>>> print(open('work-v5.cif').read())   # mmCIF, C-alpha atoms
data_work
#
loop_
_atom_site.label_atom_id
_atom_site.label_comp_id
_atom_site.auth_asym_id
_atom_site.auth_seq_id
_atom_site.Cartn_x
_atom_site.Cartn_y
_atom_site.Cartn_z
CA MET I 160 10.69 -0.75 20.16
CA LYS I 161 13.70 1.41 19.27
CA ARG I 162 15.95 -1.66 19.41
CA LEU I 163 13.58 -3.77 17.35
CA PHE I 164 13.80 -1.51 14.28
CA PRO I 165 17.56 -1.96 13.58
CA ILE I 166 17.27 -5.71 14.24
CA LEU I 167 14.40 -6.00 11.77
CA ALA I 168 16.23 -3.74 9.29
CA GLY I 169 19.26 -6.05 9.44
CA LEU I 170 17.08 -9.13 8.98
CA THR I 171 15.31 -7.51 6.04
CA ALA I 172 18.61 -6.61 4.37
CA ILE I 173 19.80 -10.22 4.73
CA LEU I 174 16.50 -11.60 3.42
CA LEU I 175 16.49 -9.19 0.46
CA ALA I 176 20.08 -10.15 -0.41
CA TYR I 177 19.19 -13.85 -0.12
CA ALA I 178 16.10 -13.35 -2.30
CA LEU I 179 18.23 -11.55 -4.89
CA TYR I 180 20.74 -14.43 -4.89
CA LEU I 181 17.91 -16.97 -5.30
CA ALA I 182 16.31 -14.91 -8.08
CA LEU I 183 19.48 -14.40 -10.11
CA VAL I 184 21.47 -17.59 -9.42
CA VAL I 185 19.36 -20.43 -7.98
CA ALA I 186 16.02 -20.11 -9.80
CA PRO I 187 16.02 -22.12 -13.06
CA THR I 188 15.94 -20.33 -16.40
CA ASP I 189 12.56 -20.19 -18.13
CA ALA I 190 12.37 -22.36 -21.26
CA GLN I 191 10.40 -19.76 -23.25
CA GLN I 192 11.48 -16.36 -21.98
CA GLY I 193 15.07 -17.12 -20.94
CA GLU I 194 16.71 -14.97 -18.27
CA VAL I 195 14.41 -11.96 -18.59
CA TYR I 196 11.57 -13.82 -16.85
CA ARG I 197 13.49 -13.23 -13.57
CA ILE I 198 11.82 -9.80 -13.46
CA ILE I 199 8.88 -11.77 -12.02
CA TYR I 200 10.73 -11.95 -8.67
CA TYR I 201 10.44 -8.15 -8.30
CA HIS I 202 7.34 -7.40 -10.38
CA VAL I 203 4.88 -9.87 -8.80
CA PRO I 204 5.90 -9.42 -5.10
CA SER I 205 5.68 -5.63 -5.59
CA ALA I 206 2.15 -6.02 -7.01
CA TRP I 207 1.04 -8.30 -4.16
CA THR I 208 2.53 -5.91 -1.58
CA ALA I 209 0.80 -2.91 -3.20
CA PHE I 210 -2.54 -4.77 -3.19
CA LEU I 211 -2.11 -5.67 0.48
CA LEU I 212 -1.28 -2.08 1.41
CA PHE I 213 -4.28 -0.74 -0.53
CA PHE I 214 -6.44 -3.35 1.19
CA ILE I 215 -5.24 -2.14 4.62
CA ASN I 216 -5.86 1.44 3.48
CA PHE I 217 -9.41 0.43 2.48
CA ILE I 218 -10.12 -1.15 5.87
CA ALA I 219 -8.57 1.79 7.77
CA SER I 220 -10.58 4.29 5.67
CA ILE I 221 -13.84 2.45 6.35
CA GLN I 222 -13.00 2.28 10.07
CA TYR I 223 -12.24 6.01 10.04
CA LEU I 224 -15.52 6.86 8.25
CA VAL I 225 -17.70 4.77 10.57
CA SER I 226 -15.89 5.87 13.74
CA ARG I 227 -17.65 9.28 13.60
CA LYS I 228 -20.85 7.75 15.06
CA SER I 229 -21.00 4.92 17.60
CA SER I 230 -24.23 3.47 16.11
CA THR I 231 -22.62 3.29 12.63
CA GLN I 232 -19.52 1.75 14.16
CA SER I 233 -21.41 -1.10 15.80
CA ALA I 234 -23.54 -1.66 12.67
CA ALA I 235 -20.35 -1.83 10.56
CA LYS I 236 -18.92 -4.50 12.91
CA TRP I 237 -21.94 -6.74 12.31
CA VAL I 238 -21.88 -6.13 8.55
CA VAL I 239 -18.18 -7.07 8.37
CA LEU I 240 -18.79 -10.21 10.47
CA ALA I 241 -21.69 -11.17 8.20
CA ILE I 242 -19.54 -10.63 5.08
CA GLY I 243 -16.89 -12.95 6.53
CA VAL I 244 -19.26 -15.75 7.58
CA VAL I 245 -21.60 -15.64 4.57
CA GLY I 246 -18.68 -15.18 2.15
CA VAL I 247 -16.77 -18.21 3.44
CA ILE I 248 -19.89 -20.44 3.44
CA ALA I 249 -20.84 -19.24 -0.06
CA CYS I 250 -17.42 -20.18 -1.45
CA PHE I 251 -18.18 -23.86 -0.74
CA LEU I 252 -21.65 -23.91 -2.31
CA PRO I 253 -21.68 -25.66 -5.70
CA GLN I 254 -23.83 -22.89 -7.25
CA VAL I 255 -21.28 -20.23 -6.27
CA GLN I 256 -18.32 -22.42 -7.27
CA ALA I 257 -19.85 -22.73 -10.74
CA LEU I 258 -19.62 -18.93 -11.06
CA LEU I 259 -15.89 -18.87 -10.28
CA PRO I 260 -13.58 -18.74 -13.31
CA ALA I 261 -11.75 -21.93 -14.28
CA GLY I 262 -8.60 -22.42 -12.22
CA MET I 263 -9.68 -20.21 -9.31
CA ARG I 264 -9.70 -22.25 -6.10
CA PRO I 265 -12.73 -21.74 -3.79
CA SER I 266 -10.42 -22.12 -0.76
CA ALA I 267 -8.30 -19.19 -2.02
CA VAL I 268 -11.40 -17.02 -2.43
CA ALA I 269 -12.67 -18.07 1.04
CA THR I 270 -9.32 -17.15 2.62
CA THR I 271 -9.39 -13.74 0.93
CA VAL I 272 -12.98 -13.14 2.14
CA LEU I 273 -11.99 -14.23 5.65
CA LEU I 274 -9.21 -11.62 5.66
CA ILE I 275 -11.82 -8.81 5.59
CA PRO I 276 -13.15 -9.32 9.17
CA VAL I 277 -9.72 -10.40 10.44
CA PHE I 278 -8.04 -7.21 9.21
CA TYR I 279 -11.05 -5.07 10.19
CA PHE I 280 -10.95 -6.08 13.86
CA LEU I 281 -7.16 -6.26 14.06
CA ILE I 282 -6.70 -2.75 12.63
CA GLY I 283 -9.50 -1.38 14.82
CA TRP I 284 -7.77 -2.81 17.89
CA LEU I 285 -4.20 -1.81 16.98
CA PHE I 286 -4.91 1.71 15.65
CA PRO I 287 -7.60 3.39 17.73
CA GLY I 288 -8.94 6.90 17.09
CA ASP I 289 -6.93 9.25 14.90
CA ARG I 290 -4.20 6.64 14.39
CA MET I 291 -6.56 4.93 11.93
CA ASP I 292 -6.24 7.91 9.60
CA MET I 293 -2.47 7.91 10.07
CA LEU I 294 -2.37 4.24 9.07
CA ALA I 295 -4.50 5.03 6.00
CA VAL I 296 -2.14 7.73 4.71
CA THR I 297 0.90 5.56 5.49
CA THR I 298 -0.35 2.53 3.55
CA ALA I 299 -1.56 4.68 0.64
CA GLU I 300 1.84 6.34 0.21
CA VAL I 301 3.90 3.15 0.51
CA GLY I 302 1.35 1.34 -1.70
CA VAL I 303 1.84 3.98 -4.41
CA VAL I 304 5.61 3.37 -4.28
CA PHE I 305 5.13 -0.39 -4.81
CA CYS I 306 2.50 0.22 -7.50
CA THR I 307 4.96 2.55 -9.29
CA ILE I 308 7.49 -0.29 -9.32
CA VAL I 309 4.86 -2.59 -10.87
CA LEU I 310 4.14 0.00 -13.57
CA VAL I 311 7.85 0.52 -14.30
CA THR I 312 9.04 -3.10 -14.24
CA GLY I 313 5.99 -4.30 -16.22
CA PRO I 314 6.84 -2.43 -19.45
CA ILE I 315 10.55 -3.28 -19.04
CA TRP I 316 9.53 -6.96 -18.96
CA ALA I 317 6.94 -6.55 -21.74
CA ARG I 318 9.37 -5.04 -24.27
CA PRO I 319 11.57 -8.14 -24.83
CA VAL I 320 8.70 -10.64 -24.34
CA TRP I 321 5.73 -9.04 -26.15
CA GLY I 322 7.76 -6.72 -28.39
CA ILE I 323 5.92 -3.67 -27.04
CA TRP I 324 6.31 -1.50 -23.93
CA TRP I 325 2.58 -1.15 -23.28
CA ALA I 326 -0.54 -2.84 -24.64
CA PRO I 327 -3.04 0.01 -25.10
CA GLY I 328 -6.56 -0.97 -24.04
CA ASP I 329 -5.39 -4.02 -22.08
CA ILE I 330 -7.68 -4.16 -19.04
CA ARG I 331 -5.05 -5.40 -16.56
CA LEU I 332 -2.55 -2.70 -17.51
CA THR I 333 -5.14 0.08 -17.75
CA SER I 334 -6.86 -0.79 -14.45
CA THR I 335 -3.46 -0.86 -12.69
CA LEU I 336 -2.67 2.58 -14.09
CA VAL I 337 -6.10 3.84 -12.95
CA LEU I 338 -5.46 2.38 -9.48
CA TRP I 339 -2.14 4.22 -9.30
CA LEU I 340 -3.80 7.48 -10.44
CA ILE I 341 -6.57 7.15 -7.83
CA TYR I 342 -4.08 6.73 -4.99
CA VAL I 343 -1.84 9.52 -6.32
CA SER I 344 -4.92 11.82 -6.32
CA TYR I 345 -5.63 10.63 -2.76
CA LEU I 346 -2.13 11.74 -1.71
CA VAL I 347 -2.43 15.03 -3.62
CA LEU I 348 -5.76 15.70 -1.88
CA ARG I 349 -4.22 15.07 1.52
CA ARG I 350 -1.15 17.15 0.73
CA PHE I 351 -2.78 20.28 -0.66
CA SER I 352 -6.28 20.48 0.83
CA SER I 353 -6.55 22.58 3.97
CA SER I 354 -10.24 21.90 4.58
CA ALA I 355 -11.35 20.45 7.91
CA GLN I 356 -13.07 17.70 5.91
CA THR I 357 -9.88 16.55 4.11
CA GLN I 358 -9.46 13.34 6.12
CA MET I 359 -13.10 12.44 5.56
CA LEU I 360 -12.96 13.16 1.81
CA ALA I 361 -9.69 11.23 1.47
CA ALA I 362 -11.20 8.23 3.29
CA ALA I 363 -14.21 8.26 0.96
CA LEU I 364 -11.92 8.47 -2.09
CA ALA I 365 -9.85 5.57 -0.76
CA VAL I 366 -12.96 3.38 -0.39
CA PHE I 367 -13.87 3.98 -4.04
CA GLY I 368 -10.25 3.57 -5.10
CA ALA I 369 -10.04 0.19 -3.40
CA LEU I 370 -12.91 -1.06 -5.57
CA ASP I 371 -10.43 -1.00 -8.46
CA VAL I 372 -8.18 -3.58 -6.74
CA PRO I 373 -10.51 -6.58 -7.39
CA LEU I 374 -10.94 -5.33 -10.98
CA VAL I 375 -7.15 -5.32 -11.43
CA TYR I 376 -6.80 -8.75 -9.84
CA PHE I 377 -9.68 -10.53 -11.56
CA SER I 378 -9.33 -8.80 -14.95
CA ILE I 379 -7.09 -11.55 -16.30
CA TRP I 380 -9.75 -14.16 -15.55
CA PHE I 381 -12.76 -12.31 -16.92
CA PHE I 382 -11.25 -10.47 -19.90
CA ARG I 383 -9.01 -11.39 -22.77
CA THR I 384 -5.71 -9.62 -22.04
CA GLN I 385 -2.11 -9.61 -23.15
CA HIS I 386 -1.08 -10.16 -19.53
CA PRO I 387 -0.44 -13.84 -18.60
CA GLN I 388 -2.59 -15.85 -16.19
CA PRO I 389 -1.80 -15.61 -12.45
CA VAL I 390 0.94 -17.86 -11.11
CA ILE I 391 -0.89 -18.74 -7.87
CA GLY I 392 -4.55 -19.66 -7.46
CA GLY I 393 -5.16 -19.42 -11.18
CA GLY I 394 -4.89 -21.50 -14.31
CA GLY I 395 -1.16 -20.99 -14.81
CA SER I 396 1.42 -23.51 -13.66
CA MET I 397 4.87 -22.78 -12.26
CA ASP I 398 7.94 -24.84 -11.50
CA PRO I 399 8.00 -25.47 -7.69
CA ARG I 400 11.59 -24.13 -7.50
CA MET I 401 10.48 -20.88 -9.16
CA LEU I 402 7.47 -20.66 -6.85
CA HIS I 403 9.71 -21.15 -3.81
CA VAL I 404 11.95 -18.24 -4.89
CA LEU I 405 8.90 -16.10 -5.65
CA LEU I 406 7.47 -16.66 -2.16
CA ILE I 407 10.81 -15.91 -0.46
CA SER I 408 11.11 -12.76 -2.54
CA TRP I 409 7.60 -11.73 -1.45
CA MET I 410 8.47 -12.36 2.21
CA ALA I 411 11.51 -10.10 1.82
CA PHE I 412 9.46 -7.34 0.18
CA LEU I 413 6.71 -7.68 2.79
CA LEU I 414 9.21 -7.23 5.60
CA PHE I 415 10.76 -4.28 3.77
CA ALA I 416 7.30 -2.72 3.25
CA PHE I 417 6.54 -3.20 6.94
CA LEU I 418 9.69 -1.29 7.92
CA VAL I 419 9.00 1.49 5.41
CA CYS I 420 5.41 1.77 6.75
CA TRP I 421 6.77 1.89 10.28
CA SER I 422 9.06 4.81 9.35
CA ARG I 423 6.28 6.60 7.45
CA PHE I 424 3.94 6.16 10.44
CA ARG I 425 6.56 7.69 12.74
CA LEU I 426 6.91 10.58 10.27
CA GLU I 427 3.14 11.14 10.44
CA LEU I 428 3.31 11.15 14.27
CA LEU I 429 6.10 13.73 14.13
CA HIS I 430 4.13 15.79 11.58
CA ARG I 431 1.12 15.94 13.90
CA GLU I 432 3.37 16.78 16.84
CA VAL I 433 4.77 19.74 14.88
CA GLU I 434 1.24 20.85 13.89
CA GLU I 435 0.20 20.68 17.55
CA ALA I 436 3.28 22.67 18.61
CA HIS I 437 2.43 25.36 16.01
CA ALA I 438 -1.18 25.46 17.25
CA MET I 439 -0.01 25.81 20.87
CA GLU I 440 2.42 28.54 19.82
CA SER I 441 -0.28 30.54 18.03
CA LEU I 442 -2.64 30.02 20.99
CA ALA I 443 0.01 31.29 23.39
CA GLY I 444 0.67 34.23 21.03
CA ASP I 445 -3.06 35.03 20.95
CA GLY I 446 -3.16 34.82 24.75
CA VAL I 447 -0.33 37.35 25.09
CA ALA I 448 -1.99 39.58 22.49
CA ALA I 449 -5.32 39.32 24.29
CA LYS I 450 -3.74 40.19 27.66
CA THR I 451 -1.92 43.21 26.27
CA SER I 452 -4.85 44.47 24.22
CA LEU I 453 -7.53 43.85 26.82
CA PRO I 454 -7.28 47.22 28.68
CA LEU I 455 -7.21 49.11 25.37
CA ASN I 456 -10.19 47.27 23.94
CA ARG I 457 -12.23 47.43 27.10
CA SER I 458 -15.21 49.61 26.42
CA PRO I 459 -16.00 52.30 29.01
CA ARG I 460 -18.96 51.57 31.20
CA MET D 265 22.38 -10.72 -24.00
CA ASN D 266 19.93 -7.95 -24.84
CA ALA D 267 17.32 -9.51 -22.53
CA ILE D 268 19.79 -9.39 -19.62
CA LYS D 269 19.87 -5.60 -20.01
CA PHE D 270 16.11 -5.48 -19.44
CA LEU D 271 16.42 -7.73 -16.40
CA PHE D 272 19.04 -5.51 -14.78
CA ALA D 273 17.15 -2.37 -15.80
CA ALA D 274 14.06 -3.65 -13.94
CA TYR D 275 16.05 -4.55 -10.81
CA ILE D 276 17.93 -1.24 -10.80
CA ALA D 277 14.71 0.75 -11.42
CA THR D 278 13.10 -0.98 -8.41
CA TRP D 279 15.90 0.02 -6.05
CA VAL D 280 16.19 3.52 -7.50
CA ILE D 281 12.46 4.08 -6.77
CA HIS D 282 12.82 2.67 -3.24
CA GLY D 283 15.98 4.75 -2.70
CA LEU D 284 14.27 7.96 -3.85
CA TYR D 285 11.33 7.31 -1.55
CA LEU D 286 13.54 6.50 1.45
CA GLY D 287 15.53 9.66 0.69
CA SER D 288 12.32 11.70 0.72
CA LEU D 289 11.39 10.17 4.09
CA VAL D 290 14.78 11.10 5.57
CA ARG D 291 14.48 14.66 4.20
CA ARG D 292 10.98 15.09 5.64
CA PHE D 293 12.10 13.67 9.02
CA SER D 294 14.98 16.14 9.30
CA ARG D 295 12.78 19.10 8.20
CA LEU D 296 10.11 18.27 10.81
CA ARG D 297 12.69 17.74 13.59
CA ARG D 298 14.23 21.14 12.74
CA GLU D 299 10.78 22.75 12.75
CA LEU D 300 9.92 21.17 16.10
CA LYS D 301 13.18 22.48 17.60
CA GLU D 302 12.48 25.99 16.30
CA VAL D 303 8.96 25.98 17.76
CA GLY D 304 10.36 24.72 21.08
CA ARG D 305 12.96 27.50 21.14
CA LYS D 306 10.32 30.21 20.66
#
>>> encode(input="work-v5.cif", output="structure tokens")
Amino acid sequence: MKRLFPILAGLTAILLAYALYLALVVAPTDAQQGEVYRIIYYHVPSAWTAFLLFFINFIASIQYLVSRKSSTQSAAKWVVLAIGVVGVIACFLPQVQALLPAGMRPSAVATTVLLIPVFYFLIGWLFPGDRMDMLAVTTAEVGVVFCTIVLVTGPIWARPVWGIWWAPGDIRLTSTLVLWLIYVSYLVLRRFSSSAQTQMLAAALAVFGALDVPLVYFSIWFFRTQHPQPVIGGGGSMDPRMLHVLLISWMAFLLFAFLVCWSRFRLELLHREVEEAHAMESLAGDGVAAKTSLPLNRSPR
Amino acid sequence: MNAIKFLFAAYIATWVIHGLYLGSLVRRFSRLRRELKEVGRK
């Protein structure tokens, strides 16, 4: 595992450099926006990566909450399976398809729904016990970093294209900011609360926070916003060469996010090791104190 | 030309944010390793 990290880091650096070359040199210039549109190759992959990390955080938080009781855990497994099966079938029913906004492909919705049970069982298998909570804090923190990039690059892109830095009241922009604030409060809670219930409270907050992700994603379909339509799975169209560069850029950012998550997870392991060492130290200290004070405290019979 | 400035600003901002975060990870790693050593010594 120790050898794999530098190999992956090297591969990621090469892929990021290649993606940068494609984004700045190979991708064609946009007819309407000119060169500035190239911000898309950092803005959109960062948003997709943040959503994916918040989704993993959501699944890990649910797993952590239900893991307290074995009956709840087995019930949750069946609920998740039912969501996957019913959700996929429903996406192909004409009545449900009629409810989908124009341009949204039922197959894309079905794939997204299918990811819920897939991720649920995969995460449960890969991160048993307390590691689930460690995965949750890892993905939340790295997700906030990527979400910050979305919130910084968005206004930089908006200024030359829309003429304004921020569109007040725009649902896509506001819901993204709210999402960022929810996850920042999640991290603040975990950092400064010393209660024994902190992990539980944080997991509950993360579940509610994750409900904002679909609102952010679907807001451009259901509401009139300044933000353009999505480039994939939506009504917007994109030059295949631009799409190719966008997907390569996302692959590079995904790999980078994976490595950052790996490092953050190792940091969390080390943090718990230090906490354990401190606990052992204070226990040993108490033991010495108890031994030395025992004869003095012993009450006469 | 002005638009190019915005493009580079966005790219630089992205890597500055990533750099700051990676820096914070390195700092936290070294602090925890030092702490673990100190606890071990005691």
>>> closest_atom_pairs(input="work-v5.cif", of="chain D", to="chain I", cutoff="9 Å", atoms="only C-alpha atoms", output="tab-separated table")
residue	atom	partner	partner_atom	distance
D:Asn266	CA	I:Pro319	CA	8.4
D:Ala267	CA	I:Val195	CA	5.5
D:Ile268	CA	I:Val195	CA	6.1
D:Lys269	CA	I:Val195	CA	8.5
D:Phe270	CA	I:Ile315	CA	6.0
D:Leu271	CA	I:Val195	CA	5.2
D:Phe272	CA	I:Ile198	CA	8.5
D:Ala273	CA	I:Ile315	CA	7.4
D:Ala274	CA	I:Thr312	CA	5.1
D:Tyr275	CA	I:Tyr201	CA	7.1
D:Ala277	CA	I:Thr312	CA	7.4
D:Thr278	CA	I:Ile308	CA	5.7
D:Ile281	CA	I:Ile308	CA	7.1
D:His282	CA	I:Val304	CA	7.3
D:Tyr285	CA	I:Val304	CA	7.5
D:Leu286	CA	I:Val419	CA	7.8
D:Leu289	CA	I:Arg423	CA	7.1
D:Arg292	CA	I:Leu426	CA	7.6
D:Phe293	CA	I:Leu426	CA	6.2
D:Leu296	CA	I:His430	CA	6.5
D:Arg297	CA	I:Leu429	CA	7.7
D:Glu299	CA	I:Val433	CA	7.1
D:Leu300	CA	I:Val433	CA	5.5
D:Val303	CA	I:Ala436	CA	6.6
D:Gly304	CA	I:Ala436	CA	7.8
D:Lys306	CA	I:Glu440	CA	8.1
>>> atom_distance(input="work-v5.cif", atom1="CA of Phe214 in chain I", atom2="CA of Val372 in chain I")
8.1 Å
>>> atom_distance(input="work-v5.cif", atom1="CA of Cys250 in chain I", atom2="CA of Ala269 in chain I")
5.8 Å
>>> atom_distance(input="work-v5.cif", atom1="CA of Arg349 in chain I", atom2="CA of Ala361 in chain I")
6.7 Å
>>> resolve_selection(input="work-v5.cif", expression="the PyMOL selection byres ((chain I and resi 219) around 7)", output="list in words")
Ile215, Asn216, Phe217, Ile218, Ser220, Ile221, Gln222, Tyr223, Ile282, Met291, Asp292, Leu294 and Ala295 of chain I
>>> resolve_selection(input="work-v5.cif", expression="the PyMOL selection byres ((chain I and resi 339-341) around 12)", output="MDAnalysis selection string")
chainID I and resid 206 209:210 213 299:311 332:338 342:348 361 363:372 375
>>> closest_residue(input="work-v5.cif", among="I:Ala186, I:Val296, I:Leu402, I:Arg227", to="Ala362 in chain I", atoms="all atoms listed in the file")
I:Val296
>>> resolve_selection(input="work-v5.cif", expression="the PyMOL selection byres ((chain I and resi 260) around 12)", output="list in words")
Val255, Gln256, Ala257, Leu258, Leu259, Ala261, Gly262, Met263, Arg264, Pro265, Val268, Phe377, Ser378, Ile379, Trp380, Phe381, Phe382, Gln388, Gly392, Gly393 and Gly394 of chain I
>>> residues_around(input="work-v5.cif", residues="Ile242 in chain I", least_positions_apart="3", cutoff="12 Å", atoms="all atoms listed in the file", output="short mmCIF file (atom, residue, chain, number, x, y, z; two decimals) with C-alpha atoms, in the coordinates of the input")
data_model
loop_
_atom_site.label_atom_id
_atom_site.label_comp_id
_atom_site.auth_asym_id
_atom_site.auth_seq_id
_atom_site.Cartn_x
_atom_site.Cartn_y
_atom_site.Cartn_z
CA ALA I 235 -20.35 -1.83 10.56
CA LYS I 236 -18.92 -4.50 12.91
CA TRP I 237 -21.94 -6.74 12.31
CA VAL I 238 -21.88 -6.13 8.55
CA VAL I 239 -18.18 -7.07 8.37
CA VAL I 245 -21.60 -15.64 4.57
CA GLY I 246 -18.68 -15.18 2.15
CA VAL I 247 -16.77 -18.21 3.44
CA ILE I 248 -19.89 -20.44 3.44
CA ALA I 249 -20.84 -19.24 -0.06
CA CYS I 250 -17.42 -20.18 -1.45
CA ALA I 269 -12.67 -18.07 1.04
CA THR I 271 -9.39 -13.74 0.93
CA VAL I 272 -12.98 -13.14 2.14
CA LEU I 273 -11.99 -14.23 5.65
CA LEU I 274 -9.21 -11.62 5.66
CA ILE I 275 -11.82 -8.81 5.59
CA PRO I 276 -13.15 -9.32 9.17
CA VAL I 277 -9.72 -10.40 10.44
CA TYR I 279 -11.05 -5.07 10.19
#
>>> closest_residue(input="work-v5.cif", among="I:Ala438, I:Leu167, I:Val203, I:Ala267", to="Pro387 in chain I", atoms="only C-alpha atoms")
I:Val203
>>> closest_residue(input="work-v5.cif", among="I:Val225, I:Ser408, I:Gly322, I:Ser266", to="Tyr180 in chain I", atoms="all atoms listed in the file")
I:Ser408
>>> build_atoms(input="work-v5.cif", residues="range 427-442 of chain I", atoms="N, CA and C atoms", output="mmCIF file, keeping the file's coordinate frame")
data_model
loop_
_atom_site.group_PDB
_atom_site.id
_atom_site.type_symbol
_atom_site.label_atom_id
_atom_site.label_comp_id
_atom_site.auth_asym_id
_atom_site.auth_seq_id
_atom_site.Cartn_x
_atom_site.Cartn_y
_atom_site.Cartn_z
ATOM 1 N N GLU I 427 4.479 10.559 10.288
ATOM 2 C CA GLU I 427 3.140 11.140 10.440
ATOM 3 C C GLU I 427 2.919 11.584 11.893
ATOM 4 N N LEU I 428 3.405 10.777 12.845
ATOM 5 C CA LEU I 428 3.310 11.150 14.270
ATOM 6 C C LEU I 428 4.057 12.451 14.530
ATOM 7 N N LEU I 429 5.270 12.535 13.952
ATOM 8 C CA LEU I 429 6.100 13.730 14.130
ATOM 9 C C LEU I 429 5.414 14.941 13.478
ATOM 10 N N HIS I 430 4.824 14.712 12.300
ATOM 11 C CA HIS I 430 4.130 15.790 11.580
ATOM 12 C C HIS I 430 2.999 16.361 12.431
ATOM 13 N N ARG I 431 2.242 15.468 13.068
ATOM 14 C CA ARG I 431 1.120 15.940 13.900
ATOM 15 C C ARG I 431 1.619 16.620 15.171
ATOM 16 N N GLU I 432 2.762 16.148 15.659
ATOM 17 C CA GLU I 432 3.370 16.780 16.840
ATOM 18 C C GLU I 432 3.778 18.220 16.509
ATOM 19 N N VAL I 433 4.354 18.402 15.307
ATOM 20 C CA VAL I 433 4.770 19.740 14.880
ATOM 21 C C VAL I 433 3.547 20.639 14.703
ATOM 22 N N GLU I 434 2.482 20.079 14.095
ATOM 23 C CA GLU I 434 1.240 20.850 13.890
ATOM 24 C C GLU I 434 0.671 21.301 15.242
ATOM 25 N N GLU I 435 0.704 20.387 16.209
ATOM 26 C CA GLU I 435 0.200 20.680 17.550
ATOM 27 C C GLU I 435 1.035 21.775 18.212
ATOM 28 N N ALA I 436 2.370 21.673 18.027
ATOM 29 C CA ALA I 436 3.280 22.670 18.610
ATOM 30 C C ALA I 436 2.996 24.048 18.004
ATOM 31 N N HIS I 437 2.747 24.085 16.676
ATOM 32 C CA HIS I 437 2.430 25.360 16.010
ATOM 33 C C HIS I 437 1.108 25.925 16.552
ATOM 34 N N ALA I 438 0.129 25.020 16.741
ATOM 35 C CA ALA I 438 -1.180 25.460 17.250
ATOM 36 C C ALA I 438 -1.039 26.032 18.656
ATOM 37 N N MET I 439 -0.224 25.346 19.495
ATOM 38 C CA MET I 439 -0.010 25.810 20.870
ATOM 39 C C MET I 439 0.685 27.171 20.865
ATOM 40 N N GLU I 440 1.644 27.291 19.926
ATOM 41 C CA GLU I 440 2.420 28.540 19.820
ATOM 42 C C GLU I 440 1.492 29.698 19.452
ATOM 43 N N SER I 441 0.615 29.449 18.462
ATOM 44 C CA SER I 441 -0.280 30.540 18.030
ATOM 45 C C SER I 441 -1.301 30.850 19.122
ATOM 46 N N LEU I 442 -1.707 29.800 19.875
ATOM 47 C CA LEU I 442 -2.640 30.020 20.990
ATOM 48 C C LEU I 442 -2.000 30.884 22.065
#
